[in-house]
$ cat model-v3.cif   # mmCIF, C-alpha atoms and all ligand atoms
data_model
#
loop_
_atom_site.label_atom_id
_atom_site.label_comp_id
_atom_site.auth_asym_id
_atom_site.auth_seq_id
_atom_site.Cartn_x
_atom_site.Cartn_y
_atom_site.Cartn_z
CA MET K 1 78.81 75.62 130.23
CA ASN K 2 82.52 76.23 130.94
CA ASP K 3 83.77 79.40 132.54
CA CYS K 4 85.24 80.33 129.16
CA ILE K 5 85.30 83.57 127.23
CA LEU K 6 86.04 83.63 123.51
CA VAL K 7 87.92 86.77 122.51
CA THR K 8 88.38 87.46 118.80
CA GLY K 9 91.20 89.77 117.72
CA GLY K 10 92.89 89.28 121.08
CA ALA K 11 96.40 89.74 119.65
CA GLY K 12 95.66 93.29 118.48
CA PHE K 13 96.00 96.52 120.41
CA ILE K 14 92.80 96.65 122.48
CA GLY K 15 92.21 92.90 122.40
CA SER K 16 95.60 92.07 123.92
CA ASN K 17 95.17 94.67 126.67
CA PHE K 18 91.78 93.10 127.36
CA VAL K 19 93.14 89.52 127.41
CA LEU K 20 95.96 90.46 129.79
CA GLU K 21 93.44 91.90 132.26
CA GLN K 22 90.80 89.22 131.75
CA ILE K 23 93.26 86.43 132.59
CA ALA K 24 93.78 88.01 135.99
CA THR K 25 90.07 87.62 136.78
CA GLY K 26 90.09 83.80 136.41
CA GLY K 27 88.49 81.45 133.88
CA LEU K 28 89.69 80.38 130.44
CA VAL K 29 90.38 82.86 127.65
CA LEU K 30 90.12 81.36 124.17
CA ASN K 31 91.79 83.84 121.84
CA LEU K 32 91.00 83.59 118.10
CA ASP K 33 93.11 85.87 115.92
CA LYS K 34 94.10 85.83 112.25
CA LEU K 35 97.41 87.55 113.05
CA THR K 36 97.16 90.13 110.30
CA TYR K 37 99.87 92.81 110.24
CA ALA K 38 98.11 94.27 113.34
CA GLY K 39 98.10 91.07 115.38
CA ASN K 40 101.17 90.48 117.50
CA LEU K 41 101.68 87.54 119.82
CA SER K 42 104.54 89.29 121.57
CA ASN K 43 101.85 91.48 123.21
CA LEU K 44 100.87 88.30 125.07
CA ALA K 45 104.39 87.04 125.78
CA SER K 46 103.73 87.15 129.53
CA LEU K 47 101.03 84.48 129.04
CA GLN K 48 103.34 81.93 127.37
CA SER K 49 103.08 79.42 130.22
CA GLU K 50 99.54 80.38 131.25
CA ALA K 51 97.27 77.34 130.81
CA ARG K 52 94.15 79.53 131.00
CA HIS K 53 95.08 81.30 127.76
CA VAL K 54 94.44 79.24 124.62
CA PHE K 55 95.52 80.92 121.41
CA VAL K 56 94.02 79.81 118.08
CA HIS K 57 95.39 81.20 114.81
CA GLY K 58 92.34 81.62 112.58
CA ASP K 59 89.75 83.79 110.89
CA ILE K 60 86.37 84.86 112.27
CA GLY K 61 85.03 84.04 108.80
CA ASP K 62 86.08 80.36 109.02
CA ARG K 63 82.80 78.70 109.91
CA GLY K 64 84.19 75.17 110.31
CA LEU K 65 86.82 76.39 112.74
CA LEU K 66 84.25 78.41 114.69
CA ARG K 67 81.88 75.43 114.92
CA ASN K 68 84.65 73.25 116.32
CA LEU K 69 85.82 75.86 118.81
CA LEU K 70 82.31 76.62 120.06
CA SER K 71 81.42 72.96 120.54
CA LYS K 72 84.76 72.16 122.22
CA TYR K 73 85.02 75.13 124.60
CA HIS K 74 81.38 76.15 125.20
CA PRO K 75 82.07 79.84 125.86
CA ARG K 76 79.53 81.74 127.96
CA VAL K 77 80.70 85.07 126.56
CA ILE K 78 82.12 86.14 123.21
CA VAL K 79 83.84 89.51 122.87
CA ASN K 80 84.47 90.48 119.27
CA PHE K 81 87.45 92.78 118.71
CA ALA K 82 88.54 91.26 115.38
CA ALA K 83 88.45 93.82 112.60
CA GLU K 84 90.45 95.77 110.12
CA SER K 85 90.77 98.99 112.10
CA HIS K 86 92.81 101.69 110.32
CA VAL K 87 90.93 104.40 108.40
CA ASP K 88 93.83 105.25 106.04
CA ARG K 89 94.18 101.59 105.03
CA SER K 90 90.45 101.46 104.32
CA ILE K 91 90.91 104.38 101.92
CA HIS K 92 93.80 102.68 100.08
CA ALA K 93 92.32 99.15 100.07
CA PRO K 94 88.71 98.80 101.31
CA GLY K 95 88.29 95.15 100.24
CA GLU K 96 89.77 93.61 103.40
CA PHE K 97 87.45 95.78 105.49
CA ILE K 98 84.40 94.44 103.70
CA GLN K 99 85.73 90.89 104.00
CA THR K 100 86.48 90.88 107.74
CA ASN K 101 84.21 93.55 109.17
CA ILE K 102 81.10 92.58 107.21
CA VAL K 103 81.42 89.09 105.67
CA GLY K 104 83.54 87.72 108.53
CA MET K 105 81.16 89.26 111.03
CA PHE K 106 78.19 87.63 109.31
CA ASN K 107 79.88 84.21 109.39
CA LEU K 108 80.73 84.64 113.06
CA LEU K 109 77.16 85.63 113.92
CA GLU K 110 75.73 82.70 111.96
CA GLU K 111 77.85 80.15 113.82
CA VAL K 112 77.15 81.82 117.15
CA ARG K 113 73.42 81.82 116.45
CA VAL K 114 73.41 78.05 115.77
CA TYR K 115 75.54 77.41 118.87
CA TRP K 116 73.33 79.58 121.06
CA GLN K 117 70.06 78.09 119.78
CA GLU K 118 71.25 74.63 120.79
CA LEU K 119 72.14 75.59 124.38
CA ASP K 120 69.92 74.58 127.30
CA GLN K 121 67.61 77.29 128.65
CA ASP K 122 69.84 78.45 131.53
CA SER K 123 72.92 78.63 129.34
CA LYS K 124 70.95 80.49 126.68
CA THR K 125 69.91 83.07 129.25
CA ASP K 126 73.47 83.48 130.56
CA PHE K 127 75.11 83.79 127.15
CA ARG K 128 76.39 87.17 125.87
CA PHE K 129 77.82 88.30 122.52
CA LEU K 130 79.58 91.64 122.94
CA HIS K 131 80.54 93.47 119.77
CA VAL K 132 83.24 96.13 120.10
CA SER K 133 82.56 99.02 117.75
CA THR K 134 83.49 102.63 117.19
CA ASP K 135 82.15 106.17 117.41
CA GLU K 136 83.06 106.64 113.73
CA VAL K 137 79.73 105.06 112.73
CA TYR K 138 78.02 108.33 113.77
CA GLY K 139 79.94 110.47 111.24
CA SER K 140 81.37 113.88 111.99
CA LEU K 141 80.27 116.58 114.47
CA GLY K 142 80.21 120.33 113.89
CA PRO K 143 82.01 122.55 116.43
CA ALA K 144 78.85 123.32 118.43
CA ASP K 145 77.11 119.92 118.16
CA PRO K 146 76.50 117.92 121.33
CA PRO K 147 78.63 114.75 121.64
CA PHE K 148 77.39 111.48 120.07
CA SER K 149 74.74 109.74 122.16
CA GLU K 150 73.36 106.26 121.51
CA GLN K 151 70.45 107.99 119.70
CA ASN K 152 72.59 109.64 117.02
CA PRO K 153 71.82 108.45 113.48
CA TYR K 154 74.48 106.36 111.73
CA GLN K 155 76.35 108.45 109.12
CA PRO K 156 79.64 106.61 108.43
CA ASN K 157 82.05 108.50 106.17
CA SER K 158 85.00 106.17 105.49
CA PRO K 159 85.01 102.60 104.17
CA TYR K 160 86.20 101.55 107.66
CA ALA K 161 83.33 103.37 109.38
CA ALA K 162 80.80 102.00 106.87
CA SER K 163 82.04 98.44 107.44
CA LYS K 164 81.78 98.84 111.23
CA ALA K 165 78.31 100.36 110.84
CA SER K 166 77.30 97.29 108.81
CA SER K 167 78.60 94.99 111.52
CA ASP K 168 76.65 96.93 114.17
CA HIS K 169 73.49 96.58 112.09
CA LEU K 170 74.02 92.83 111.74
CA VAL K 171 74.42 92.49 115.50
CA ARG K 172 71.26 94.48 116.06
CA ALA K 173 69.36 92.31 113.56
CA TYR K 174 70.54 89.06 115.19
CA HIS K 175 69.21 90.29 118.51
CA HIS K 176 65.95 91.60 117.12
CA THR K 177 65.23 88.65 114.82
CA TYR K 178 66.67 85.64 116.64
CA GLY K 179 66.85 86.90 120.20
CA LEU K 180 70.66 86.45 120.39
CA PRO K 181 71.74 88.18 123.65
CA THR K 182 73.96 90.85 122.14
CA LEU K 183 75.62 94.00 123.47
CA THR K 184 77.33 96.65 121.36
CA THR K 185 79.85 99.23 122.52
CA ASN K 186 80.81 102.30 120.48
CA CYS K 187 84.05 103.77 121.71
CA SER K 188 86.16 106.82 120.91
CA ASN K 189 89.90 106.89 120.05
CA ASN K 190 92.01 104.64 122.25
CA TYR K 191 95.68 105.07 123.08
CA GLY K 192 98.13 103.20 125.31
CA PRO K 193 100.51 100.22 125.33
CA TYR K 194 100.76 97.87 122.31
CA GLN K 195 99.13 100.21 119.77
CA TYR K 196 100.42 99.56 116.27
CA PRO K 197 102.44 102.57 115.12
CA GLU K 198 100.24 103.38 112.12
CA LYS K 199 97.86 105.28 114.45
CA LEU K 200 98.56 108.93 115.33
CA ILE K 201 100.02 108.66 118.84
CA PRO K 202 102.50 105.78 118.44
CA LEU K 203 103.41 106.93 114.92
CA VAL K 204 104.35 110.39 116.19
CA LEU K 205 106.28 108.92 119.12
CA LEU K 206 108.35 106.66 116.90
CA ASN K 207 108.98 109.26 114.24
CA ALA K 208 110.03 111.75 116.92
CA LEU K 209 112.59 109.35 118.38
CA GLU K 210 113.91 108.52 114.92
CA GLY K 211 114.29 112.18 113.95
CA LYS K 212 111.63 111.86 111.23
CA PRO K 213 108.85 114.34 110.33
CA LEU K 214 105.74 114.28 112.54
CA PRO K 215 102.93 114.31 109.94
CA ILE K 216 99.78 116.25 110.84
CA TYR K 217 96.99 115.92 108.28
CA GLY K 218 95.43 119.16 106.99
CA ASP K 219 95.47 122.05 109.45
CA GLY K 220 95.62 119.83 112.55
CA SER K 221 92.36 121.15 113.99
CA ASN K 222 90.39 117.90 113.66
CA ILE K 223 89.20 116.76 117.06
CA ARG K 224 89.18 113.30 118.62
CA ASP K 225 87.99 112.17 122.08
CA TRP K 226 90.85 110.18 123.60
CA LEU K 227 90.44 107.26 126.01
CA TYR K 228 93.21 105.28 127.71
CA VAL K 229 92.94 101.68 126.51
CA ARG K 230 92.65 100.16 129.98
CA ASP K 231 89.63 102.35 130.71
CA HIS K 232 88.05 100.98 127.53
CA CYS K 233 88.75 97.40 128.71
CA THR K 234 87.17 98.11 132.10
CA ALA K 235 84.09 99.52 130.37
CA ILE K 236 83.80 96.42 128.18
CA ARG K 237 83.96 94.19 131.27
CA GLU K 238 81.20 96.21 132.93
CA VAL K 239 78.97 95.98 129.86
CA MET K 240 79.76 92.27 129.53
CA SER K 241 78.69 91.49 133.06
CA ARG K 242 75.89 93.99 133.72
CA GLY K 243 74.83 95.62 130.43
CA ARG K 244 71.22 95.29 129.34
CA VAL K 245 70.82 92.74 126.57
CA GLY K 246 70.21 94.25 123.12
CA GLU K 247 71.52 97.67 124.19
CA THR K 248 74.37 99.75 122.88
CA TYR K 249 76.70 101.74 125.14
CA ASN K 250 78.84 104.68 124.06
CA ILE K 251 82.28 104.80 125.71
CA GLY K 252 84.53 107.84 125.72
CA GLY K 253 87.06 109.77 127.70
CA TRP K 254 85.52 113.27 127.86
CA ASN K 255 88.89 114.29 126.44
CA GLU K 256 88.41 116.28 123.25
CA LYS K 257 91.71 117.39 121.75
CA THR K 258 92.78 118.74 118.39
CA ASN K 259 95.42 116.66 116.63
CA LYS K 260 97.79 119.63 116.86
CA ASP K 261 97.37 119.69 120.64
CA VAL K 262 97.97 115.94 120.88
CA VAL K 263 101.19 116.18 118.87
CA HIS K 264 102.36 119.21 120.88
CA THR K 265 101.73 117.34 124.12
CA LEU K 266 103.73 114.34 122.87
CA CYS K 267 106.62 116.62 121.87
CA ASP K 268 106.58 118.38 125.23
CA ILE K 269 106.66 115.11 127.21
CA LEU K 270 109.49 113.78 125.04
CA ASP K 271 111.37 117.07 125.48
CA GLU K 272 111.22 116.40 129.21
CA LEU K 273 111.85 112.62 129.28
CA LYS K 274 114.19 112.18 126.31
CA PRO K 275 115.44 115.60 125.18
CA ARG K 276 116.92 116.08 121.71
CA GLU K 277 120.48 117.35 121.50
CA GLN K 278 119.16 120.74 120.36
CA GLY K 279 115.70 122.29 120.34
CA SER K 280 112.26 120.79 120.75
CA TYR K 281 110.68 117.81 119.01
CA ARG K 282 108.09 120.35 117.82
CA GLN K 283 110.63 121.33 115.15
CA GLN K 284 109.94 117.97 113.45
CA ILE K 285 106.21 118.72 112.94
CA GLN K 286 105.16 118.80 109.30
CA PHE K 287 101.66 119.61 108.03
CA VAL K 288 100.81 117.23 105.16
CA THR K 289 97.96 116.70 102.69
CA ASP K 290 94.72 115.90 104.45
CA ARG K 291 93.10 112.45 104.67
CA PRO K 292 90.28 112.26 102.05
CA GLY K 293 86.88 112.67 103.71
CA HIS K 294 88.58 113.41 107.04
CA ASP K 295 85.93 113.64 109.81
CA ARG K 296 86.30 116.96 111.65
CA ARG K 297 85.21 116.07 115.14
CA TYR K 298 84.29 113.07 117.29
CA ALA K 299 83.08 113.31 120.87
CA ILE K 300 81.23 110.79 123.01
CA ASP K 301 78.44 111.37 125.46
CA ALA K 302 79.25 108.61 127.95
CA ARG K 303 76.44 109.36 130.38
CA LYS K 304 74.44 106.18 129.72
CA ILE K 305 77.23 103.79 130.74
CA GLU K 306 77.99 105.98 133.75
CA GLN K 307 74.37 106.16 134.90
CA GLU K 308 73.49 102.51 134.27
CA LEU K 309 76.75 100.76 135.11
CA GLY K 310 78.69 103.32 137.15
CA TRP K 311 81.63 103.33 134.71
CA LYS K 312 83.85 106.41 134.42
CA PRO K 313 87.35 106.71 132.94
CA GLN K 314 90.07 106.59 135.56
CA GLU K 315 92.77 108.31 133.49
CA SER K 316 92.70 111.92 132.34
CA PHE K 317 94.45 112.60 129.03
CA GLU K 318 97.34 114.12 130.97
CA THR K 319 97.95 111.00 133.12
CA GLY K 320 97.22 108.48 130.35
CA ILE K 321 99.47 110.09 127.76
CA ARG K 322 102.40 110.22 130.20
CA LYS K 323 101.96 106.51 130.96
CA THR K 324 101.83 105.82 127.24
CA VAL K 325 104.99 107.76 126.38
CA SER K 326 106.83 106.04 129.24
CA TRP K 327 105.60 102.62 128.07
CA TYR K 328 106.94 103.18 124.55
CA LEU K 329 110.26 104.47 125.89
CA ASP K 330 110.55 101.43 128.14
CA ASN K 331 109.57 98.97 125.40
CA LEU K 332 111.72 99.91 122.44
CA ASP K 333 112.36 96.18 121.82
CA TRP K 334 108.64 95.69 121.19
CA VAL K 335 108.71 98.65 118.84
CA GLN K 336 111.71 97.27 116.93
CA ASP K 337 109.91 93.92 116.47
CA VAL K 338 106.84 95.64 115.09
CA VAL K 339 108.63 97.96 112.71
CA SER K 340 109.27 95.23 110.15
CA GLY K 341 109.31 95.19 106.35
CA ALA K 342 105.51 95.20 106.20
CA TYR K 343 105.37 98.31 108.39
CA LYS K 344 107.87 100.12 106.17
CA SER K 345 105.89 99.41 103.03
CA TRP K 346 102.70 100.82 104.65
CA ILE K 347 104.54 104.00 105.63
CA ALA K 348 105.76 104.37 102.04
CA THR K 349 102.22 103.82 100.70
CA ASN K 350 100.54 106.32 103.03
CA TYR K 351 103.09 109.10 103.33
CA THR K 352 104.93 109.25 99.99
CA ARG K 353 103.77 112.29 98.01
CA ARG K 354 101.77 113.52 101.02
CA GLU K 355 104.08 116.41 101.85
CA LEU K 356 102.50 119.80 101.10
P1 LIG L 1 93.92 96.26 115.79
O1 LIG L 1 93.96 96.51 114.31
O2 LIG L 1 95.07 96.64 116.63
O3 LIG L 1 93.65 94.70 116.06
C1 LIG L 1 92.75 93.94 115.31
C2 LIG L 1 93.03 92.48 115.60
O4 LIG L 1 92.08 91.69 114.87
C3 LIG L 1 94.42 92.03 115.13
O5 LIG L 1 95.02 91.22 116.12
C4 LIG L 1 94.13 91.21 113.87
O6 LIG L 1 95.08 90.19 113.64
C5 LIG L 1 92.76 90.65 114.19
N1 LIG L 1 91.98 90.30 113.00
C6 LIG L 1 91.80 91.05 111.89
N2 LIG L 1 91.02 90.39 111.01
C7 LIG L 1 90.69 89.20 111.60
C8 LIG L 1 89.90 88.10 111.20
N3 LIG L 1 89.31 88.08 109.99
N4 LIG L 1 89.76 87.05 112.04
C9 LIG L 1 90.38 87.07 113.25
N5 LIG L 1 91.15 88.08 113.67
C10 LIG L 1 91.31 89.14 112.86
O7 LIG L 1 92.57 96.94 116.28
P2 LIG L 1 92.24 97.64 117.68
O8 LIG L 1 92.63 99.05 117.61
O9 LIG L 1 92.73 96.77 118.77
O10 LIG L 1 90.65 97.60 117.62
C11 LIG L 1 89.94 96.46 118.10
C12 LIG L 1 88.45 96.67 117.85
O11 LIG L 1 88.04 97.86 118.52
C13 LIG L 1 88.10 96.88 116.38
O12 LIG L 1 86.88 96.22 116.14
C14 LIG L 1 87.94 98.39 116.23
O13 LIG L 1 87.00 98.69 115.23
C15 LIG L 1 87.41 98.74 117.61
N6 LIG L 1 87.72 100.11 118.09
C16 LIG L 1 89.00 100.57 118.05
C17 LIG L 1 89.28 101.84 118.55
C18 LIG L 1 90.69 102.40 118.54
O14 LIG L 1 90.87 103.58 118.84
N7 LIG L 1 91.72 101.61 118.25
C19 LIG L 1 88.26 102.64 119.07
C20 LIG L 1 86.95 102.13 119.07
C21 LIG L 1 86.70 100.86 118.58
O1 LIG L 2 87.24 106.99 116.87
C1 LIG L 2 87.57 105.64 117.03
C2 LIG L 2 88.53 105.24 115.93
O2 LIG L 2 89.78 105.85 116.24
C3 LIG L 2 88.69 103.74 115.79
O3 LIG L 2 87.47 103.17 115.39
C4 LIG L 2 89.76 103.40 114.75
O4 LIG L 2 89.97 102.00 114.72
C5 LIG L 2 91.05 104.09 115.15
O5 LIG L 2 92.02 103.88 114.14
C6 LIG L 2 90.82 105.59 115.34
O6 LIG L 2 90.54 106.24 114.07
P1 LIG L 2 91.21 107.65 113.69
O7 LIG L 2 91.24 107.77 112.22
O8 LIG L 2 90.60 108.75 114.48
O9 LIG L 2 92.70 107.39 114.30
P2 LIG L 2 94.15 107.76 113.73
O10 LIG L 2 95.12 107.48 114.82
O11 LIG L 2 94.41 107.16 112.40
O12 LIG L 2 94.06 109.33 113.53
C7 LIG L 2 93.74 110.18 114.62
C8 LIG L 2 93.68 111.60 114.06
O13 LIG L 2 95.00 112.01 113.66
C9 LIG L 2 92.82 111.73 112.81
O14 LIG L 2 92.15 112.97 112.83
C10 LIG L 2 93.81 111.68 111.67
C11 LIG L 2 95.05 112.32 112.27
N1 LIG L 2 96.35 111.82 111.76
C12 LIG L 2 96.56 110.48 111.72
C13 LIG L 2 97.76 109.97 111.28
C14 LIG L 2 98.00 108.48 111.19
C15 LIG L 2 97.34 112.73 111.39
O15 LIG L 2 97.15 113.96 111.48
N2 LIG L 2 98.54 112.22 110.97
C16 LIG L 2 98.78 110.89 110.87
O16 LIG L 2 99.90 110.51 110.40
#
$ encode --input "model-v3.cif" --output "structure tokens"
Amino acid sequence: MNDCILVTGGAGFIGSNFVLEQIATGGLVLNLDKLTYAGNLSNLASLQSEARHVFVHGDIGDRGLLRNLLSKYHPRVIVNFAAESHVDRSIHAPGEFIQTNIVGMFNLLEEVRVYWQELDQDSKTDFRFLHVSTDEVYGSLGPADPPFSEQNPYQPNSPYAASKASSDHLVRAYHHTYGLPTLTTNCSNNYGPYQYPEKLIPLVLLNALEGKPLPIYGDGSNIRDWLYVRDHCTAIREVMSRGRVGETYNIGGWNEKTNKDVVHTLCDILDELKPREQGSYRQQIQFVTDRPGHDRRYAIDARKIEQELGWKPQESFETGIRKTVSWYLDNLDWVQDVVSGAYKSWIATNYTRREL
């Protein structure tokens, strides 16, 4: 078998951060991405003349394409990032989430199962299928509940979360039924370079710089557990190389913050690094109608991955968020490329008539 890793969704936010780091470790990275609105090859511009990065424009649901790629490249590891990933979009239009996150996932697993079953015994033993999932499958925590552990029951509340829960169940079933050597990771909210500005942190940064309102849903006291994207990528690599087959690993930053606190922190850093002519960016904050079914609190108990694999986040929220703000300020060209017609029409769909 080649020293090849197949990454799906490697032109998206987390996938491209992962590919950029993986390339540095040697071996071939085969990157399969449909290039939806969230996929962006300019994230990988630094790999343009890198022979060890092979990009394929395609869908994880395309079984013929998958069959050809698997038989041509013989990957030892597959890391599946490909998904529709934005909760608000899943509320407006759930169909794509069912199509990619459930039907596409099934097609991918079917082709991988056939490929794996035909490998010789050593290659079969070495093979890994790592599915990247989310803490949202566990539902919402009350204020005094302990953080989500791997034992928490699945209680997905949005079409996005339900579609990811389905994909996790399929992965589990393919391990249990066919013996496919799978690993699943359930991670909390990521932030960092190359995040599409539909998600809270980059959206607030961009709106702040453009003098637009900074929309906080509801009362702003919903809590998320924030993890710097490169810490997530490191965790995935640890699970990929040393995780126990068939297991799931929760990944989180031990960084619970209310949305209001996150937005205040962003305003304060911008006030310091790129001050407005008058007053603070906080003046742009606007509380808007809440997201339907908005989960109150997520928090991850990341003790299993720490105890078994020795992984711990390297960035605190304070260090990671500063790096992130600086990255966006230094990469306004990337931002301008991303903020195209399609982006504008999403902003109109999600935020028109949302003002309280
Ligand atoms: P993203 O939306 O930025 O990127 C998704 C990528 O998948 C894009 O490049 C897109 O083009 C590609 N894609 C979509 N449908 C595809 C298909 N049918 N075939 C091939 N490629 C397809 O998402 P992200 O934030 O980078 O998240 C990556 C994965 O991590 C997702 O599975 C998501 O559920 C999971 N996750 C994300 C977070 C987070 O905070 N962003 C946290 C935990 C888990
Ligand atoms: O928890 C992991 C999940 O984190 C991932 O699985 C998802 O792919 C990822 O999108 C993210 O989901 P969230 O819904 O938590 O992320 P988002 O950035 O959309 O929102 C973060 C919080 O901020 C959430 O409580 C909603 C709120 N919010 C979001 C937006 C876009 C606002 O208050 N205003 C906004 O404009």
$ closest_residue --input "model-v3.cif" --among "K:Ile223, K:Leu66, K:Ala165, K:Ala11" --to "Leu109 of chain K" --atoms "all atoms listed in the file"
K:Leu66
$ residues_around --input "model-v3.cif" --residues "Ile269 of chain K" --least-positions-apart "5" --cutoff "9 Å" --atoms "all atoms listed in the file" --output "list in words"
His264, Lys274, Ile321, Arg322 and Val325 of chain K
$ closest_residue --input "model-v3.cif" --among "K:Asn255, K:Ser46, K:Lys344, K:Ile5" --to "Leu32 of chain K" --atoms "all atoms listed in the file"
K:Ile5
$ closest_residue --input "model-v3.cif" --among "K:Leu329, K:Ile305, K:Cys233, K:Ala161" --to "ligand LIG 2 (chain L)" --atoms "all atoms listed in the file"
K:Ala161
$ atom_distance --input "model-v3.cif" --atom1 "atom CA of Gln22 of chain K" --atom2 "atom CA of Val204 of chain K"
29.6 Å
$ closest_residue --input "model-v3.cif" --among "K:His175, K:Arg76, K:Arg242, K:His92" --to "Gly310 of chain K" --atoms "all atoms listed in the file"
K:Arg242
$ residues_near_ligand --input "model-v3.cif" --ligand "ligand LIG 2 (chain L)" --cutoff "6 Å" --atoms "all atoms listed in the file" --output "PyMOL selection string"
chain K and resi 85-87+134-136+188-189+198-200+215-217+222+259
$ residues_near_ligand --input "model-v3.cif" --ligand "ligand LIG 1 (chain L)" --cutoff "7 Å" --atoms "only C-alpha atoms and all ligand atoms" --output "PDB file with C-alpha atoms, in the coordinates of the input"
ATOM      1  CA  THR K   8      88.380  87.460 118.800  1.00  0.00           C
ATOM      2  CA  GLY K   9      91.200  89.770 117.720  1.00  0.00           C
ATOM      3  CA  GLY K  10      92.890  89.280 121.080  1.00  0.00           C
ATOM      4  CA  ALA K  11      96.400  89.740 119.650  1.00  0.00           C
ATOM      5  CA  GLY K  12      95.660  93.290 118.480  1.00  0.00           C
ATOM      6  CA  PHE K  13      96.000  96.520 120.410  1.00  0.00           C
ATOM      7  CA  ILE K  14      92.800  96.650 122.480  1.00  0.00           C
ATOM      8  CA  GLY K  15      92.210  92.900 122.400  1.00  0.00           C
ATOM      9  CA  LEU K  32      91.000  83.590 118.100  1.00  0.00           C
ATOM     10  CA  ASP K  33      93.110  85.870 115.920  1.00  0.00           C
ATOM     11  CA  LYS K  34      94.100  85.830 112.250  1.00  0.00           C
ATOM     12  CA  LEU K  35      97.410  87.550 113.050  1.00  0.00           C
ATOM     13  CA  THR K  36      97.160  90.130 110.300  1.00  0.00           C
ATOM     14  CA  TYR K  37      99.870  92.810 110.240  1.00  0.00           C
ATOM     15  CA  ALA K  38      98.110  94.270 113.340  1.00  0.00           C
ATOM     16  CA  GLY K  39      98.100  91.070 115.380  1.00  0.00           C
ATOM     17  CA  ASN K  40     101.170  90.480 117.500  1.00  0.00           C
ATOM     18  CA  GLY K  58      92.340  81.620 112.580  1.00  0.00           C
ATOM     19  CA  ASP K  59      89.750  83.790 110.890  1.00  0.00           C
ATOM     20  CA  ILE K  60      86.370  84.860 112.270  1.00  0.00           C
ATOM     21  CA  GLY K  61      85.030  84.040 108.800  1.00  0.00           C
ATOM     22  CA  ASN K  80      84.470  90.480 119.270  1.00  0.00           C
ATOM     23  CA  PHE K  81      87.450  92.780 118.710  1.00  0.00           C
ATOM     24  CA  ALA K  82      88.540  91.260 115.380  1.00  0.00           C
ATOM     25  CA  ALA K  83      88.450  93.820 112.600  1.00  0.00           C
ATOM     26  CA  GLU K  84      90.450  95.770 110.120  1.00  0.00           C
ATOM     27  CA  SER K  85      90.770  98.990 112.100  1.00  0.00           C
ATOM     28  CA  HIS K  86      92.810 101.690 110.320  1.00  0.00           C
ATOM     29  CA  THR K 100      86.480  90.880 107.740  1.00  0.00           C
ATOM     30  CA  GLY K 104      83.540  87.720 108.530  1.00  0.00           C
ATOM     31  CA  VAL K 132      83.240  96.130 120.100  1.00  0.00           C
ATOM     32  CA  SER K 133      82.560  99.020 117.750  1.00  0.00           C
ATOM     33  CA  THR K 134      83.490 102.630 117.190  1.00  0.00           C
ATOM     34  CA  ASP K 135      82.150 106.170 117.410  1.00  0.00           C
ATOM     35  CA  LYS K 164      81.780  98.840 111.230  1.00  0.00           C
ATOM     36  CA  ASN K 186      80.810 102.300 120.480  1.00  0.00           C
ATOM     37  CA  CYS K 187      84.050 103.770 121.710  1.00  0.00           C
ATOM     38  CA  SER K 188      86.160 106.820 120.910  1.00  0.00           C
ATOM     39  CA  ASN K 189      89.900 106.890 120.050  1.00  0.00           C
ATOM     40  CA  ASN K 190      92.010 104.640 122.250  1.00  0.00           C
ATOM     41  CA  TYR K 191      95.680 105.070 123.080  1.00  0.00           C
ATOM     42  CA  GLN K 195      99.130 100.210 119.770  1.00  0.00           C
ATOM     43  CA  TYR K 196     100.420  99.560 116.270  1.00  0.00           C
TER      44      TYR K 196
END
$ closest_residue --input "model-v3.cif" --among "K:Thr125, K:Val103, K:Tyr194, K:Thr185" --to "Asp333 of chain K" --atoms "only C-alpha atoms"
K:Tyr194
$ atom_distance --input "model-v3.cif" --atom1 "atom CA of Gly64 of chain K" --atom2 "atom CA of Asn107 of chain K"
10.1 Å
$ residues_around --input "model-v3.cif" --residues "Ile98 of chain K" --least-positions-apart "3" --cutoff "10 Å" --atoms "all atoms listed in the file" --output "mmCIF file with C-alpha atoms, in the coordinates of the input"
data_model
loop_
_atom_site.group_PDB
_atom_site.id
_atom_site.type_symbol
_atom_site.label_atom_id
_atom_site.label_comp_id
_atom_site.auth_asym_id
_atom_site.auth_seq_id
_atom_site.Cartn_x
_atom_site.Cartn_y
_atom_site.Cartn_z
ATOM 1 C CA ALA K 83 88.450 93.820 112.600
ATOM 2 C CA GLU K 84 90.450 95.770 110.120
ATOM 3 C CA SER K 90 90.450 101.460 104.320
ATOM 4 C CA ALA K 93 92.320 99.150 100.070
ATOM 5 C CA PRO K 94 88.710 98.800 101.310
ATOM 6 C CA GLY K 95 88.290 95.150 100.240
ATOM 7 C CA ASN K 101 84.210 93.550 109.170
ATOM 8 C CA ILE K 102 81.100 92.580 107.210
ATOM 9 C CA VAL K 103 81.420 89.090 105.670
ATOM 10 C CA GLY K 104 83.540 87.720 108.530
ATOM 11 C CA MET K 105 81.160 89.260 111.030
ATOM 12 C CA PRO K 159 85.010 102.600 104.170
ATOM 13 C CA TYR K 160 86.200 101.550 107.660
ATOM 14 C CA ALA K 162 80.800 102.000 106.870
ATOM 15 C CA SER K 163 82.040 98.440 107.440
ATOM 16 C CA LYS K 164 81.780 98.840 111.230
ATOM 17 C CA SER K 166 77.300 97.290 108.810
ATOM 18 C CA SER K 167 78.600 94.990 111.520
#
$ atom_distance --input "model-v3.cif" --atom1 "atom CA of Ala302 of chain K" --atom2 "atom CA of Asn250 of chain K"
5.5 Å
$ axis_aligned_box --input "model-v3.cif" --around "segment 69-72 of chain K" --padding-each-side "4 Å" --output "lines of an AutoDock Vina configuration file"
center_x = 83.6
center_y = 74.4
center_z = 120.5
size_x = 12.4
size_y = 12.5
size_z = 11.4
